[in-house]
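Structure data follow from coords.tsv (TSV, C-alpha atoms):
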```
chain	number	residue	atom	x	y	z
G	29	MET	CA	-12.31	4.46	-14.67
G	30	THR	CA	-14.77	6.89	-16.22
G	31	ASN	CA	-14.03	6.44	-19.91
G	32	TYR	CA	-12.06	4.17	-22.22
G	33	ASP	CA	-11.41	3.41	-25.86
G	34	VAL	CA	-10.83	-0.02	-27.37
G	35	ILE	CA	-8.26	0.51	-30.09
G	36	PRO	CA	-7.98	-2.32	-32.64
G	37	PHE	CA	-4.59	-3.64	-33.76
G	38	VAL	CA	-5.65	-3.47	-37.39
G	39	LYS	CA	-7.58	-0.68	-39.13
G	40	SER	CA	-10.03	-2.96	-40.89
G	41	THR	CA	-11.76	-6.29	-40.35
G	42	LEU	CA	-12.39	-6.88	-44.07
G	43	HIS	CA	-9.87	-9.74	-44.13
G	44	LEU	CA	-11.81	-11.75	-41.51
G	45	THR	CA	-14.14	-14.61	-42.32
G	46	GLN	CA	-17.76	-14.50	-41.09
G	47	SER	CA	-16.84	-16.79	-38.23
G	48	GLN	CA	-13.88	-14.61	-37.25
G	49	GLU	CA	-16.05	-11.47	-37.43
G	50	ARG	CA	-18.60	-13.11	-35.11
G	51	ASP	CA	-15.82	-14.13	-32.71
G	52	ASN	CA	-14.42	-10.60	-32.84
G	53	ARG	CA	-17.84	-9.13	-31.90
G	54	VAL	CA	-18.12	-11.60	-29.00
G	55	TYR	CA	-14.62	-10.73	-27.73
G	56	LEU	CA	-15.30	-7.00	-28.01
G	57	ALA	CA	-18.57	-7.42	-26.11
G	58	MET	CA	-16.69	-9.29	-23.39
G	59	ILE	CA	-14.07	-6.53	-23.16
G	60	HIS	CA	-16.77	-3.85	-22.94
G	61	ARG	CA	-18.64	-5.83	-20.27
G	62	VAL	CA	-15.52	-6.05	-18.12
G	63	LEU	CA	-14.51	-2.42	-18.64
G	64	ASP	CA	-18.05	-1.24	-17.87
G	65	THR	CA	-17.90	-3.08	-14.53
G	66	ALA	CA	-17.48	-0.68	-11.61
G	67	GLY	CA	-14.55	-1.04	-9.26
G	68	PHE	CA	-11.47	-1.05	-11.49
G	69	TYR	CA	-8.63	1.16	-10.28
G	70	TYR	CA	-5.09	1.95	-11.33
G	71	SER	CA	-2.30	4.27	-10.29
G	72	TYR	CA	0.70	5.47	-12.27
G	73	SER	CA	2.64	6.40	-9.14
G	74	TYR	CA	1.58	4.16	-6.23
G	75	ASP	CA	1.45	0.38	-6.03
G	76	ILE	CA	-2.16	-0.28	-4.94
G	77	THR	CA	-1.73	-4.05	-5.33
G	78	HIS	CA	0.26	-4.35	-2.07
G	79	THR	CA	-0.65	-3.39	1.49
G	80	LYS	CA	1.28	-0.52	3.00
G	81	GLN	CA	2.93	-2.93	5.43
G	82	ARG	CA	4.03	-5.26	2.64
G	83	LEU	CA	5.43	-2.37	0.59
G	84	HIS	CA	7.50	-1.32	3.58
G	85	GLN	CA	8.73	-4.89	4.15
G	86	LEU	CA	9.58	-5.44	0.47
G	87	SER	CA	11.48	-2.16	0.24
G	88	THR	CA	13.50	-3.03	3.37
G	89	ASP	CA	14.28	-6.57	2.25
G	90	ASN	CA	15.07	-5.65	-1.35
G	91	ASN	CA	16.78	-2.33	-1.99
G	92	GLY	CA	16.07	-2.54	-5.73
G	93	PHE	CA	12.33	-3.11	-5.30
G	94	TYR	CA	11.31	0.46	-6.13
G	95	GLN	CA	13.64	0.48	-9.14
G	96	LEU	CA	11.49	-2.19	-10.81
G	97	PRO	CA	8.75	-1.05	-13.21
G	98	LEU	CA	5.36	-0.79	-11.49
G	99	PHE	CA	3.90	-3.81	-13.30
G	100	ASN	CA	6.87	-6.04	-12.38
G	101	ARG	CA	6.66	-5.26	-8.67
G	102	ALA	CA	2.87	-5.55	-8.43
G	103	ASP	CA	1.25	-8.42	-6.49
G	104	GLU	CA	0.11	-10.66	-9.34
G	105	ARG	CA	-2.90	-11.93	-7.36
G	106	PHE	CA	-4.57	-8.55	-7.85
G	107	VAL	CA	-3.49	-7.62	-11.37
G	108	TRP	CA	-6.59	-8.21	-13.47
G	109	ASN	CA	-4.93	-7.26	-16.78
G	110	SER	CA	-1.81	-9.42	-16.42
G	111	HIS	CA	-2.81	-11.77	-19.26
G	112	LEU	CA	-3.45	-8.82	-21.58
G	113	LEU	CA	-0.08	-7.26	-20.85
G	114	ARG	CA	2.04	-10.42	-20.92
G	115	GLU	CA	3.56	-9.72	-24.35
G	116	PHE	CA	4.13	-6.03	-23.58
G	117	VAL	CA	5.94	-6.80	-20.32
G	118	ALA	CA	8.45	-8.89	-22.26
G	119	GLN	CA	9.61	-5.67	-23.98
G	120	PRO	CA	11.35	-3.39	-21.44
G	121	GLU	CA	10.89	-0.31	-23.64
G	122	LEU	CA	7.12	-0.64	-23.04
G	123	ASP	CA	7.33	-0.75	-19.22
G	124	GLN	CA	5.82	2.72	-18.82
G	125	PHE	CA	2.65	1.56	-20.59
G	126	CYS	CA	2.15	-1.56	-18.44
G	127	VAL	CA	-0.05	-0.36	-15.60
G	128	PRO	CA	-1.61	-2.91	-13.21
G	129	LEU	CA	-5.41	-2.85	-13.12
G	130	LEU	CA	-6.94	-3.63	-9.72
G	131	HIS	CA	-10.54	-4.67	-9.06
G	132	GLY	CA	-11.98	-3.76	-5.69
G	133	PHE	CA	-12.87	-0.63	-3.77
G	134	ILE	CA	-10.87	2.43	-2.77
G	135	SER	CA	-12.08	5.20	-0.46
G	136	ILE	CA	-10.07	8.11	0.91
G	137	LYS	CA	-11.69	10.22	3.63
G	138	ASN	CA	-10.51	13.00	5.91
G	139	ILE	CA	-11.78	12.61	9.46
G	140	THR	CA	-11.26	14.55	12.66
G	141	ILE	CA	-10.87	12.72	15.99
G	142	ASN	CA	-10.30	14.74	19.17
G	143	GLY	CA	-9.41	17.79	17.10
G	144	LYS	CA	-6.77	15.96	15.03
G	145	LEU	CA	-7.18	15.54	11.29
G	146	PHE	CA	-6.53	12.08	9.81
G	147	THR	CA	-6.68	10.85	6.25
G	148	PHE	CA	-8.22	7.38	6.21
G	149	HIS	CA	-7.66	5.06	3.24
G	150	LEU	CA	-9.63	1.88	2.72
G	151	ILE	CA	-8.51	-0.42	-0.07
G	152	SER	CA	-10.23	-3.68	-0.90
G	153	ARG	CA	-8.46	-5.86	-3.42
G	154	ARG	CA	-10.25	-8.63	-5.25
G	155	SER	CA	-8.03	-11.49	-6.35
G	156	TRP	CA	-8.53	-12.59	-9.93
G	157	HIS	CA	-7.65	-16.14	-8.81
G	158	ARG	CA	-10.92	-16.22	-6.90
G	159	ALA	CA	-13.31	-14.06	-8.82
G	160	VAL	CA	-16.00	-15.78	-6.75
G	161	CYS	CA	-15.60	-17.25	-3.27
G	162	ASP	CA	-14.77	-20.92	-3.34
G	163	THR	CA	-15.35	-23.84	-1.01
G	164	THR	CA	-11.66	-24.32	-0.20
G	165	ASN	CA	-11.61	-21.45	2.32
G	166	GLY	CA	-10.02	-19.14	-0.21
G	167	VAL	CA	-10.93	-15.52	0.23
G	168	CYS	CA	-11.85	-13.32	-2.68
G	169	HIS	CA	-11.39	-9.91	-0.98
G	170	TYR	CA	-8.47	-8.50	0.99
G	171	TRP	CA	-9.09	-5.37	3.08
G	172	GLN	CA	-6.47	-2.83	4.13
G	173	PRO	CA	-7.34	0.18	6.25
G	174	ASP	CA	-4.51	2.71	6.49
G	175	THR	CA	-4.28	6.02	8.31
```
Show me this structure written as structure tokens.
Amino acid sequence: MTNYDVIPFVKSTLHLTQSQERDNRVYLAMIHRVLDTAGFYYSYSYDITHTKQRLHQLSTDNNGFYQLPLFNRADERFVWNSHLLREFVAQPELDQFCVPLLHGFISIKNITINGKLFTFHLISRRSWHRAVCDTTNGVCHYWQPDT
């Protein structure tokens, strides 16, 4: 993400108390801190929350999988904006605006091996359940190399 705008729900904050204004500034600072963090990715057309293997398995097991809106078929472990979009998801007419936000790393490189050209994708997904590694053997990053 290279640029963003935070658009308020209301045009003015004149109706807020001093305490509410202070809270609003804190919340906005938190939002900016998260959005300024490198490594957030999204796609309007491809589900980057699932591995390629899992996407294939889900589409074979469930013929209607690709008919679901992108947000509804995403792997919730890697959707960092799920709490923000909860109320929007409940309204089907807003499905096109509910795009999963992934935190991790994505690299796409063209490489040549023995004269054959390959496109190599590396996707690292960071689970929001484990924003830091824990002591219960839970992993915080999932790697998927695809060619």
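Compared by their closest atoms to G:Tyr32, and using only C-alpha atoms, the residues G:Asn109, G:Asp64, G:Leu130, G:Glu104 rank with G:Asp64 nearest.
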For G:Ser71, list every protein, DNA or RNA residue within 9 Å, evaluated using only C-alpha atoms, and leave out those in the same chain fewer than 6 positions away; present the list as a ChimeraX atom specification. /G:127-129
Generate a file of the selected residues that holds C-alpha atoms, formatted as a PDB file, keeping the file's coordinate frame.
```
ATOM      1  CA  VAL G 127      -0.050  -0.360 -15.600  1.00  0.00           C
ATOM      2  CA  PRO G 128      -1.610  -2.910 -13.210  1.00  0.00           C
ATOM      3  CA  LEU G 129      -5.410  -2.850 -13.120  1.00  0.00           C
TER       4      LEU G 129
END
```
Just the residues within 12 Å of G:Asp33, please, counting all atoms listed in the file, with nothing from its chain fewer than 6 positions along; format it as an NGL selection string. :G and (56 or 59-60 or 63-64)
One decimal place gives the atom CA of G:Val117-atom CA of G:Tyr72 separation as 15.6 Å
Centre and size of axis-aligned box enclosing stretch 49-53 of chain G plus 3 Å each side, as lines of an AutoDock Vina configuration file:
```
center_x = -16.5
center_y = -11.6
center_z = -34.7
size_x = 10.2
size_y = 11.0
size_z = 11.5
```
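Atom CA of G:Thr147 to atom CA of G:Arg105 spans 26.8 Å [interatomic distance, one decimal].
Atom CA of G:Phe133 is found 26.7 Å from atom CA of G:Phe116.
Nearest residue to G:Ser73, choosing from G:Thr30, G:Thr41, G:Gln124, G:Gln46 and counting only C-alpha atoms: G:Gln124.
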Please supply stretch 83-94 of chain G, rebuilt with all heavy atoms, as a short mmCIF file (atom, residue, chain, number, x, y, z; two decimals), in the coordinates of the input.
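Saved the output as out_6.cif:
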```
data_model
loop_
_atom_site.label_atom_id
_atom_site.label_comp_id
_atom_site.auth_asym_id
_atom_site.auth_seq_id
_atom_site.Cartn_x
_atom_site.Cartn_y
_atom_site.Cartn_z
N LEU G 83 4.54 -3.25 1.35
CA LEU G 83 5.43 -2.37 0.59
C LEU G 83 6.64 -1.98 1.42
O LEU G 83 7.77 -1.97 0.93
CB LEU G 83 4.68 -1.11 0.14
CG LEU G 83 3.75 -1.27 -1.05
CD1 LEU G 83 2.94 -0.01 -1.25
CD2 LEU G 83 4.53 -1.63 -2.30
N HIS G 84 6.39 -1.68 2.69
CA HIS G 84 7.50 -1.32 3.58
C HIS G 84 8.46 -2.51 3.74
O HIS G 84 9.67 -2.35 3.64
CB HIS G 84 6.97 -0.88 4.94
CG HIS G 84 8.07 -0.61 5.92
ND1 HIS G 84 8.88 0.51 5.82
CD2 HIS G 84 8.50 -1.30 7.00
CE1 HIS G 84 9.76 0.48 6.80
NE2 HIS G 84 9.56 -0.61 7.53
N GLN G 85 7.90 -3.69 3.96
CA GLN G 85 8.73 -4.89 4.15
C GLN G 85 9.54 -5.21 2.89
O GLN G 85 10.72 -5.50 2.95
CB GLN G 85 7.86 -6.09 4.54
CG GLN G 85 8.64 -7.34 4.85
CD GLN G 85 9.55 -7.18 6.07
OE1 GLN G 85 9.15 -6.59 7.06
NE2 GLN G 85 10.76 -7.68 5.98
N LEU G 86 8.89 -5.13 1.73
CA LEU G 86 9.58 -5.44 0.47
C LEU G 86 10.68 -4.43 0.18
O LEU G 86 11.75 -4.80 -0.32
CB LEU G 86 8.58 -5.46 -0.68
CG LEU G 86 7.64 -6.66 -0.72
CD1 LEU G 86 6.54 -6.45 -1.75
CD2 LEU G 86 8.40 -7.94 -1.02
N SER G 87 10.45 -3.17 0.50
CA SER G 87 11.48 -2.16 0.24
C SER G 87 12.65 -2.31 1.20
O SER G 87 13.78 -1.98 0.85
CB SER G 87 10.89 -0.76 0.33
OG SER G 87 10.47 -0.48 1.63
N THR G 88 12.41 -2.82 2.41
CA THR G 88 13.50 -3.03 3.37
C THR G 88 14.30 -4.27 3.01
O THR G 88 15.53 -4.27 3.12
CB THR G 88 12.95 -3.21 4.80
OG1 THR G 88 11.74 -2.55 4.96
CG2 THR G 88 13.91 -2.66 5.83
N ASP G 89 13.62 -5.32 2.59
CA ASP G 89 14.28 -6.57 2.25
C ASP G 89 15.03 -6.50 0.92
O ASP G 89 16.01 -7.19 0.71
CB ASP G 89 13.27 -7.72 2.16
CG ASP G 89 12.65 -8.06 3.51
OD1 ASP G 89 13.17 -7.58 4.54
OD2 ASP G 89 11.64 -8.79 3.53
N ASN G 90 14.53 -5.68 0.01
CA ASN G 90 15.07 -5.65 -1.35
C ASN G 90 15.27 -4.19 -1.75
O ASN G 90 14.32 -3.51 -2.13
CB ASN G 90 14.08 -6.35 -2.29
CG ASN G 90 14.56 -6.39 -3.71
OD1 ASN G 90 15.60 -5.84 -4.04
ND2 ASN G 90 13.79 -7.02 -4.57
N ASN G 91 16.51 -3.74 -1.70
CA ASN G 91 16.78 -2.33 -1.99
C ASN G 91 16.41 -1.92 -3.41
O ASN G 91 16.15 -0.77 -3.67
CB ASN G 91 18.26 -2.00 -1.73
CG ASN G 91 18.58 -2.06 -0.25
OD1 ASN G 91 17.70 -1.86 0.58
ND2 ASN G 91 19.82 -2.33 0.08
N GLY G 92 16.39 -2.86 -4.34
CA GLY G 92 16.07 -2.54 -5.73
C GLY G 92 14.60 -2.64 -6.06
O GLY G 92 14.21 -2.46 -7.21
N PHE G 93 13.76 -2.90 -5.06
CA PHE G 93 12.33 -3.11 -5.30
C PHE G 93 11.69 -1.93 -6.02
O PHE G 93 10.97 -2.09 -7.00
CB PHE G 93 11.61 -3.40 -3.98
CG PHE G 93 10.13 -3.59 -4.12
CD1 PHE G 93 9.62 -4.74 -4.68
CD2 PHE G 93 9.24 -2.61 -3.70
CE1 PHE G 93 8.25 -4.93 -4.82
CE2 PHE G 93 7.89 -2.78 -3.83
CZ PHE G 93 7.39 -3.94 -4.40
N TYR G 94 11.94 -0.72 -5.54
CA TYR G 94 11.31 0.46 -6.13
C TYR G 94 11.93 0.86 -7.46
O TYR G 94 11.42 1.74 -8.14
CB TYR G 94 11.33 1.63 -5.15
CG TYR G 94 10.26 1.50 -4.09
CD1 TYR G 94 10.60 1.21 -2.78
CD2 TYR G 94 8.92 1.64 -4.41
CE1 TYR G 94 9.62 1.07 -1.81
CE2 TYR G 94 7.93 1.50 -3.45
CZ TYR G 94 8.29 1.23 -2.16
OH TYR G 94 7.31 1.07 -1.21
#
```
